[in-house]
Amino acid sequence: MVNQKTTAITEIGFTHEEFAALLDKYDYHFSPGDIVPGTVFSIEPRGALIDIGAKTAAYIPIQEMSINRVDSPEEVLQSNETREFYILSDENEEGQLTLSIRRIEYMRAWERVRQLQAEDATVRSGVFATNRGGALVRIEGLRGFIPGSHISTRKPKEDLVGEELPLKFLEVDEERNRLVLSHRRALVERKMNRLEVGEVVIGTVRGIKPYGAFIDIGGVSGLLHISEISHEHIDTPHSVFNVNDEVKVMIIDLDAERGRISLSTKQLEPEPGDMIKNRDLVYDKAEEMAAKYREQLLAKQQGNAAAPAEASETVVAVAEEEIPSATEAVEEEIPVAIEE
């Protein structure tokens, strides 16, 4: 019988040594970072054995089965299921590789949020925790951070847990594991879609700074800069307004990219100084003055040299300390997106 087998191998051109060498030649070699197909061979209480074509079945621990919390392997894997796995580590002393699904999900999640940021998309997510600096949400399974300065609500931060918020992306940095978002910008953008430069709106004074007053208009904040309160000189906005005052203002600039709304009462004055001397008259004539402003603005846009130059002086700078940049929050208060 042995002679017959030896004769058969010889007849097809192979010796035993050549056959063994051929098997070694086509043995797969795996490296950490590779993504390979595998079939679930056996499910265990805290992991699973996966056949990926290696000499020894690879192992995936339960904590590497998903980007989300998993209590049982059966929540993710089924016997004989075939899917992609990420090779997490080299073979151990027993020749066994460690696998991960979680890493694949993270890579694809980062790819997705980068795409959403490029599209300037608005996403919605529920707050699952808060800390001293802001609130925590999950986007595509990644943990995101909303700085307190970018949360537009009168509620205490602690009361936001469980609430779903519209959000815009401020920072997507996979290398630093930072995903920073803004609730304020999402609200401002939504509000801006219904607002126009030259429109008169009614708002409430929510804060007063040396450089101007912050006016709540329908849930978003606009700045009435001190230079846009009146044609007459004003030493401080406190001399004109109090917190909770109801005011009538005109929108003079909408900056969707920076999430800012600039306002003016100066442009509504029938006569210079009326905001100080006769505020009721300013409010009564607001629509009439706004219509004139819009005519001037249109004439300016059409290149009418006779249009008053004042119509173009509409964009006022918002103090940077009041509206922080995306990354202004203290570094240690911005949690990483990937929870190790």
# chains A, B, ... in the order shown; residues from 1 in each chain; ligands from 1
>>> select_by_dssp(residues="stretch 89-296 of chain A", states="alpha helix (DSSP H)", output="PyMOL selection string")
chain A and resi 102-118+183-192+274-277+279-284+286-296
>>> residues_around(residues="A:His183", least_positions_apart="6", cutoff="7 Å", atoms="only C-alpha atoms", output="list in words")
His150, Ile151, Ser152, Leu165, Pro166, Leu167 and Lys168 of chain A
>>> write_last_selection(atoms="N, CA, C and O atoms", output="tab-separated table (two decimals), in the first residue's frame")
chain	number	residue	atom	x	y	z
A	150	HIS	N	-20.40	75.85	23.67
A	150	HIS	CA	-21.13	75.51	22.44
A	150	HIS	C	-22.44	74.78	22.72
A	150	HIS	O	-23.00	74.14	21.84
A	151	ILE	N	-22.91	74.87	23.97
A	151	ILE	CA	-24.22	74.31	24.32
A	151	ILE	C	-25.20	75.47	24.45
A	151	ILE	O	-25.04	76.33	25.30
A	152	SER	N	-26.20	75.52	23.59
A	152	SER	CA	-27.17	76.62	23.59
A	152	SER	C	-28.47	76.17	24.24
A	152	SER	O	-29.38	75.69	23.56
A	165	LEU	N	-29.65	66.19	20.82
A	165	LEU	CA	-29.32	67.53	20.36
A	165	LEU	C	-28.87	67.51	18.89
A	165	LEU	O	-28.20	66.58	18.46
A	166	PRO	N	-29.21	68.56	18.12
A	166	PRO	CA	-28.61	68.72	16.80
A	166	PRO	C	-27.20	69.26	16.97
A	166	PRO	O	-26.95	70.12	17.82
A	167	LEU	N	-26.25	68.77	16.16
A	167	LEU	CA	-24.85	69.11	16.36
A	167	LEU	C	-24.14	69.35	15.02
A	167	LEU	O	-24.47	68.72	14.02
A	168	LYS	N	-23.15	70.24	15.06
A	168	LYS	CA	-22.25	70.46	13.93
A	168	LYS	C	-20.84	70.06	14.36
A	168	LYS	O	-20.48	70.16	15.54
>>> atom_distance(atom1="atom CA of A:Ile146", atom2="atom CA of A:Leu187")
13.6 Å
>>> closest_residue(among="A:Asp34, A:Glu81, A:Glu64, A:Glu199", to="A:Arg103", atoms="only C-alpha atoms")
A:Glu64
>>> residues_around(residues="A:Ile215", least_positions_apart="4", cutoff="10 Å", atoms="only C-alpha atoms", output="PyMOL selection string")
chain A and resi 202-208+219-224+243-249+261-263
>>> residues_around(residues="stretch 116-122 of chain A", least_positions_apart="5", cutoff="12 Å", atoms="only C-alpha atoms", output="ChimeraX atom specification")
/A:109-111,139-140,165-173,179-190,256-257
>>> atom_distance(atom1="atom CA of A:Val36", atom2="atom CA of A:Arg83")
8.4 Å
>>> select_by_dssp(residues="stretch 8-170 of chain A", states="strand (DSSP E or B)", output="PyMOL selection string")
chain A and resi 35-44+47-51+58-61+82-89+98-100+122-130+134-139+142-147+164-170
>>> closest_residue(among="A:Lys157, A:Arg258, A:Arg46, A:Ile251", to="A:Arg194", atoms="only C-alpha atoms")
A:Ile251
>>> atom_distance(atom1="atom CA of A:Ile35", atom2="atom CA of A:Ser72")
23.3 Å
>>> residues_around(residues="A:Gly95", least_positions_apart="3", cutoff="10 Å", atoms="only C-alpha atoms", output="list in words")
Ala54, Lys55, Thr56, Ala57, Ala58, Asp90, Glu91 and Asn92 of chain A
>>> closest_residue(among="A:Asp51, A:Glu228, A:Glu174, A:Glu93", to="A:Arg112", atoms="only C-alpha atoms")
A:Glu174
>>> residues_around(residues="A:Ile226", least_positions_apart="3", cutoff="12 Å", atoms="only C-alpha atoms", output="ChimeraX atom specification")
/A:208-214,223,229-241,262-266,316-319
>>> write_last_selection(atoms="N, CA and C atoms", output="tab-separated table (two decimals), in the first residue's frame")
chain	number	residue	atom	x	y	z
A	208	ILE	N	-24.70	91.24	29.03
A	208	ILE	CA	-24.12	92.52	28.65
A	208	ILE	C	-22.62	92.50	28.96
A	209	LYS	N	-21.84	92.83	27.96
A	209	LYS	CA	-20.40	92.90	28.10
A	209	LYS	C	-19.94	94.32	27.77
A	210	PRO	N	-18.72	94.69	28.10
A	210	PRO	CA	-18.25	96.04	27.76
A	210	PRO	C	-18.32	96.35	26.27
A	211	TYR	N	-18.24	95.32	25.43
A	211	TYR	CA	-18.22	95.53	23.98
A	211	TYR	C	-19.59	95.38	23.32
A	212	GLY	N	-20.63	95.01	24.08
A	212	GLY	CA	-21.94	94.88	23.46
A	212	GLY	C	-22.90	94.04	24.28
A	213	ALA	N	-24.09	93.86	23.72
A	213	ALA	CA	-25.12	93.07	24.39
A	213	ALA	C	-25.44	91.83	23.57
A	214	PHE	N	-25.67	90.72	24.26
A	214	PHE	CA	-26.04	89.48	23.59
A	214	PHE	C	-27.56	89.33	23.66
A	223	LEU	N	-25.10	89.21	18.54
A	223	LEU	CA	-24.38	90.27	19.22
A	223	LEU	C	-24.80	91.65	18.70
A	229	ILE	N	-25.16	100.26	18.49
A	229	ILE	CA	-26.32	100.61	19.32
A	229	ILE	C	-26.90	101.95	18.90
A	230	SER	N	-26.02	102.95	18.66
A	230	SER	CA	-26.51	104.29	18.30
A	230	SER	C	-25.45	105.03	17.50
A	231	HIS	N	-25.91	106.02	16.74
A	231	HIS	CA	-24.97	106.90	16.04
A	231	HIS	C	-24.22	107.78	17.03
A	232	GLU	N	-24.80	108.03	18.18
A	232	GLU	CA	-24.11	108.80	19.21
A	232	GLU	C	-23.20	107.90	20.03
A	233	HIS	N	-22.16	108.49	20.60
A	233	HIS	CA	-21.20	107.73	21.38
A	233	HIS	C	-21.84	107.17	22.65
A	234	ILE	N	-21.51	105.91	22.96
A	234	ILE	CA	-22.01	105.26	24.18
A	234	ILE	C	-20.81	104.73	24.95
A	235	ASP	N	-20.73	105.06	26.22
A	235	ASP	CA	-19.60	104.63	27.05
A	235	ASP	C	-19.67	103.13	27.35
A	236	THR	N	-20.86	102.65	27.63
A	236	THR	CA	-21.04	101.24	27.97
A	236	THR	C	-22.46	100.80	27.62
A	237	PRO	N	-22.64	99.57	27.14
A	237	PRO	CA	-24.00	99.08	26.85
A	237	PRO	C	-24.90	99.07	28.08
A	238	HIS	N	-24.31	99.01	29.28
A	238	HIS	CA	-25.11	99.02	30.51
A	238	HIS	C	-25.91	100.31	30.67
A	239	SER	N	-25.44	101.38	30.03
A	239	SER	CA	-26.15	102.65	30.14
A	239	SER	C	-27.41	102.69	29.28
A	240	VAL	N	-27.56	101.69	28.39
A	240	VAL	CA	-28.71	101.65	27.49
A	240	VAL	C	-29.63	100.48	27.80
A	241	PHE	N	-29.04	99.32	28.13
A	241	PHE	CA	-29.83	98.09	28.30
A	241	PHE	C	-29.65	97.47	29.68
A	262	SER	N	-24.90	89.13	13.72
A	262	SER	CA	-24.61	90.50	14.15
A	262	SER	C	-25.87	91.35	14.00
A	263	LEU	N	-26.09	92.19	15.01
A	263	LEU	CA	-27.33	92.96	15.09
A	263	LEU	C	-27.05	94.45	15.17
A	264	SER	N	-28.11	95.25	14.93
A	264	SER	CA	-27.95	96.70	15.01
A	264	SER	C	-29.27	97.36	15.42
A	265	THR	N	-29.15	98.39	16.25
A	265	THR	CA	-30.27	99.31	16.48
A	265	THR	C	-29.92	100.68	15.89
A	266	LYS	N	-28.63	100.91	15.70
A	266	LYS	CA	-28.18	102.18	15.11
A	266	LYS	C	-28.81	102.41	13.74
A	316	VAL	N	-19.81	93.53	12.11
A	316	VAL	CA	-19.12	93.90	13.33
A	316	VAL	C	-18.43	92.69	13.90
A	317	ALA	N	-17.30	92.93	14.52
A	317	ALA	CA	-16.51	91.81	15.05
A	317	ALA	C	-17.07	91.38	16.39
A	318	VAL	N	-17.22	90.10	16.57
A	318	VAL	CA	-17.66	89.56	17.85
A	318	VAL	C	-16.43	89.27	18.68
A	319	ALA	N	-16.46	89.69	19.92
A	319	ALA	CA	-15.31	89.45	20.78
A	319	ALA	C	-14.98	87.97	20.86
